[in-house]
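S.K.: Sharing a structure with you now.
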Amino acid sequence: MARRSDWGGALCFSSFGRWRAGSVSCVPVRSSPRASNGGMMGSRFATVMLRSERQRVVALIGVLLLTLTLLSIRLSTGSLSPDRALMPMLVVVKIIVYQALAAAWITRCLSRGVQPRLWFWVVSALVDCTVPTIGIIVSWRAELVDTEQATVAPVVFLYGVFIVLSILRLRPWMTLVSGFVCFAQYLAVSMWIASVEGIVIPDGLIWIYPSMVIVSGLASAFVSLRLKQSVVRGLEEAVERERAQGEMGVAAKIQAGLLPSGSPAAAGFEVAGWGHPAAETGGDFYGWMGLPDGRTAVVLADVSGHGLGPAMVAVLCRAYARACLEGAGELREAVTRLNRLLSTDVPPGMFATLVMVRLTPGSGRVEVLSAGHGPILLVRSASDGAGAIVETLDAAGIPLGVDEGAEYGVASVVEMRPGDSLVLVSDGVFERRRGDGEMYGVARLSEVIREGAASGASARAMVDSIRGSPERFADGAAAQDDITVVVIQGTARA
């Protein structure tokens with residue numbers, strides 16, 4: 001018995017000696033042509049394979065620990081004598097140590113961003129396939145089972161366990177190779193034990209178990225292939241999402257760069273604005289520009305929807321609006337031309353509401369034209385202590401992009417006194433909802449504006465009040481639409 005125990009330990013160490021953590025060379029993680037659509041994709045797939053391999057090794061350690069536990073239970077209950085239990089327990093411990101070192105090496109490769117060379121995977125697979133064969137030989141030599149049952153003992157099922165867990169390598173060809181290697185080893189060890197013990201195995205029976213092993217290998221290789229395909233598809237989708245998010249980030253920066261960074265120089269007026277998209281990019285825009293005749297134009301528009309598509313239309317609308325305002329005599333001429341240009345470019349079902357304001361510096365004259373945009377709130381400050389009055393200006397036509405031939409009415413002319421304010425908002429302000437579904441509404445918006453005017457708030461302070469009130473009302477609920485606010489306030493004449 002001692003001779004058999006020494007021989008079994010040497011056999012296990014021979015397999016264990018095929019791998020040493022310090023001698024395994026690594027290469028940088030690089031793309032695999034069969035699993036990559038680019039460098040990023042290949043690198044991520046290689047990382048996933050390493051993590052999956054580590055999980056496989058951890059699972060094998062769990063199986064081996066369970067085996068060691070069962071042997072310990074048999075030893076403690078007296079169903080297995082110490083001299084017969086020593087060799088198999090020692091072999092299992094050595095294999096656990098080998099797998100633990102493999103897991104540590106894989107973790108090291110992951111932390112350094114490298115992967116072992118191909119020969120490491122091949123040797124690792126061959127060693128793993130040898131473990132069940134070692135188990136059969138140890139069970140036979142240690143007389144854990146009857147000689148006639150050595151090749152059909154429970155340890156034979158480890159072939160299936162190791163083959164199934166090889167799916168986690170995400171290398172179908174390696175799983176297939178594992179199945180054939182296990183088949184060959186099991187067939188060889190069965191014939192060897194039968195030859196040594198003088199057992200005659202019927203020709204039909206000797207192929208039953210090896211055939212089951214190779215069928216397990218074929219089925220596991222198919223599952224490994226499908227799993228690999230699913231992982232690759234998932235990684236491709238993740239890479240595509242990140243690419244799209246990167247493009248959205250660039251688009252958001254461009255869109256933010258188009259917003260005005262300061263206030264326009266219009267004598268007799270103070271203008272302030274603020275906007276925030278519901279997503280990375282939005283369909284709202286606001287801005288102002290000086291006109292050749294010395295007047296100042298202020299524009300706020302709201303393209304239907306939010307996201308990259310509406311953001312592109314918003315940028316297009318901004319460019320068209322600036323071009324149309326350059327040589328327009330009347331605001332309705334500029335808006336009519338803008339609608340005609342935009343109608344030919346926007347996709348069906350998409351439109352934009354817009355309000356265009358023209359300020360005459362040094363006076364209180366303000367021209368306002370709305371293309372389906374509202375409400376436009378005019379706040380009249382009261383000097384008699386009765387409080388501010390909020391008026392609503394009507395739209396002069398339909399939204400842009402709906403009808404190419406639409407004509408727009410004349411602009412409303414307002415004479416603003418010092419302290420009066422014209423408030424322009426997108427519908428994301430008054431349509432803001434809280435968790436129970438209740439909407440902020442125009443009434444609350446008007447009240448905030450009235451209070452700001454009564455307190456003598458500046459245009460910037462009024463913008464801050466308008467943006468903060470719906471936020472507090474929502475009580476943490478996410479905004480569902482873009483939010484834009486522009487306040488034009490009359491000041492003392494120069």
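If you're wondering about the labels, chains in the structure tokens are A, B, ... by order shown, residues count from 1 in each chain, ligands from 1 in order shown.
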Name the residues in contact with Gly217 in chain A at a cut-off of 9 Å, using only C-alpha atoms, excluding same-chain residues fewer than 5 positions from it; report them as a PyMOL selection string.

M.R.: chain A and resi 160+163-164+175-180+182-183+212+222

S.K.: Write out as a VMD selection string all residues of range 72-298 of chain A that backbone DSSP assigns to alpha helix (DSSP H).

M.R.: chain A and resid 72 to 77 82 to 112 118 to 141 158 to 165 172 to 197 208 to 257

S.K.: Can you tell me which residues surround Ile483 in chain A at a distance of at most 7 Å, considering only C-alpha atoms, apart from same-chain residues fewer than 4 positions away, and format the answer as a CSV table (one decimal) with N, CA and C atoms, in the first residue's frame?

M.R.:
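Saved as selection_15.csv:
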chain,number,residue,atom,x,y,z
A,275,GLY,N,-30.5,77.4,-20.3
A,275,GLY,CA,-31.1,76.2,-20.8
A,275,GLY,C,-30.4,75.0,-20.3
A,276,HIS,N,-31.2,73.9,-20.2
A,276,HIS,CA,-30.7,72.6,-19.8
A,276,HIS,C,-31.5,71.5,-20.5
A,277,PRO,N,-30.7,70.7,-21.3
A,277,PRO,CA,-31.4,69.6,-22.0
A,277,PRO,C,-31.8,68.4,-21.1
A,426,SER,N,-39.5,77.5,-22.6
A,426,SER,CA,-40.0,76.3,-23.4
A,426,SER,C,-41.0,75.5,-22.5
A,428,GLY,N,-40.9,72.7,-21.4
A,428,GLY,CA,-40.3,71.9,-20.3
A,428,GLY,C,-40.4,72.5,-19.0
A,429,VAL,N,-40.6,73.8,-18.9
A,429,VAL,CA,-40.7,74.5,-17.6
A,429,VAL,C,-42.1,74.3,-17.0

S.K.: With distances taken over only C-alpha atoms, which of A:Gly468, A:Gly113, A:Gly257, A:Gly374 is nearest to Ala46 in chain A?

M.R.: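 Among the listed residues, the smallest separation from Ala46 in chain A belongs to A:Gly113.
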
S.K.: From the set A:Gly401, A:Pro292, A:Gly282, A:Gly435, which residue has the shortest atom-to-atom contact distance to Leu341 in chain A, counting only C-alpha atoms?

M.R.: A:Gly401

S.K.: Report as a list in words all protein, DNA and RNA residues lying within 12 Å of Ala188 in chain A, evaluated on only C-alpha atoms, omitting residues in the same chain fewer than 4 positions from it.

M.R.: Thr130, Thr133, Ile136, Ile137, Thr151, Val181, Cys182, Phe183, Ala184, Trp192, Ile193, Ala194, Ser195, Ile206, Trp207 and Pro210 of chain A

S.K.: Tell me, as JSON, numbers by chain, which residues lie within 9 Å of Arg380 in chain A, counting only C-alpha atoms; anything in the same chain fewer than 6 positions away does not count.

M.R.: {"A": [387, 388, 389, 390, 391, 416, 417, 419, 420, 421, 422, 450, 453]}

S.K.: Using only C-alpha atoms, which residue out of A:Asp394, A:Ser52, A:Val91, A:Pro260 lies closest to Arg169 in chain A?

M.R.: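 Among A:Asp394, A:Ser52, A:Val91, A:Pro260, it is A:Ser52 that comes nearest to Arg169 in chain A.
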
S.K.: Among the residues of range 255-415 of chain A, find those DSSP assigns to strand (DSSP E or B) from the backbone and print them as a ChimeraX atom specification.

M.R.: /A:269-276,284-290,296-303,352-359,365-372,376-380,389-393,397,400,412-415
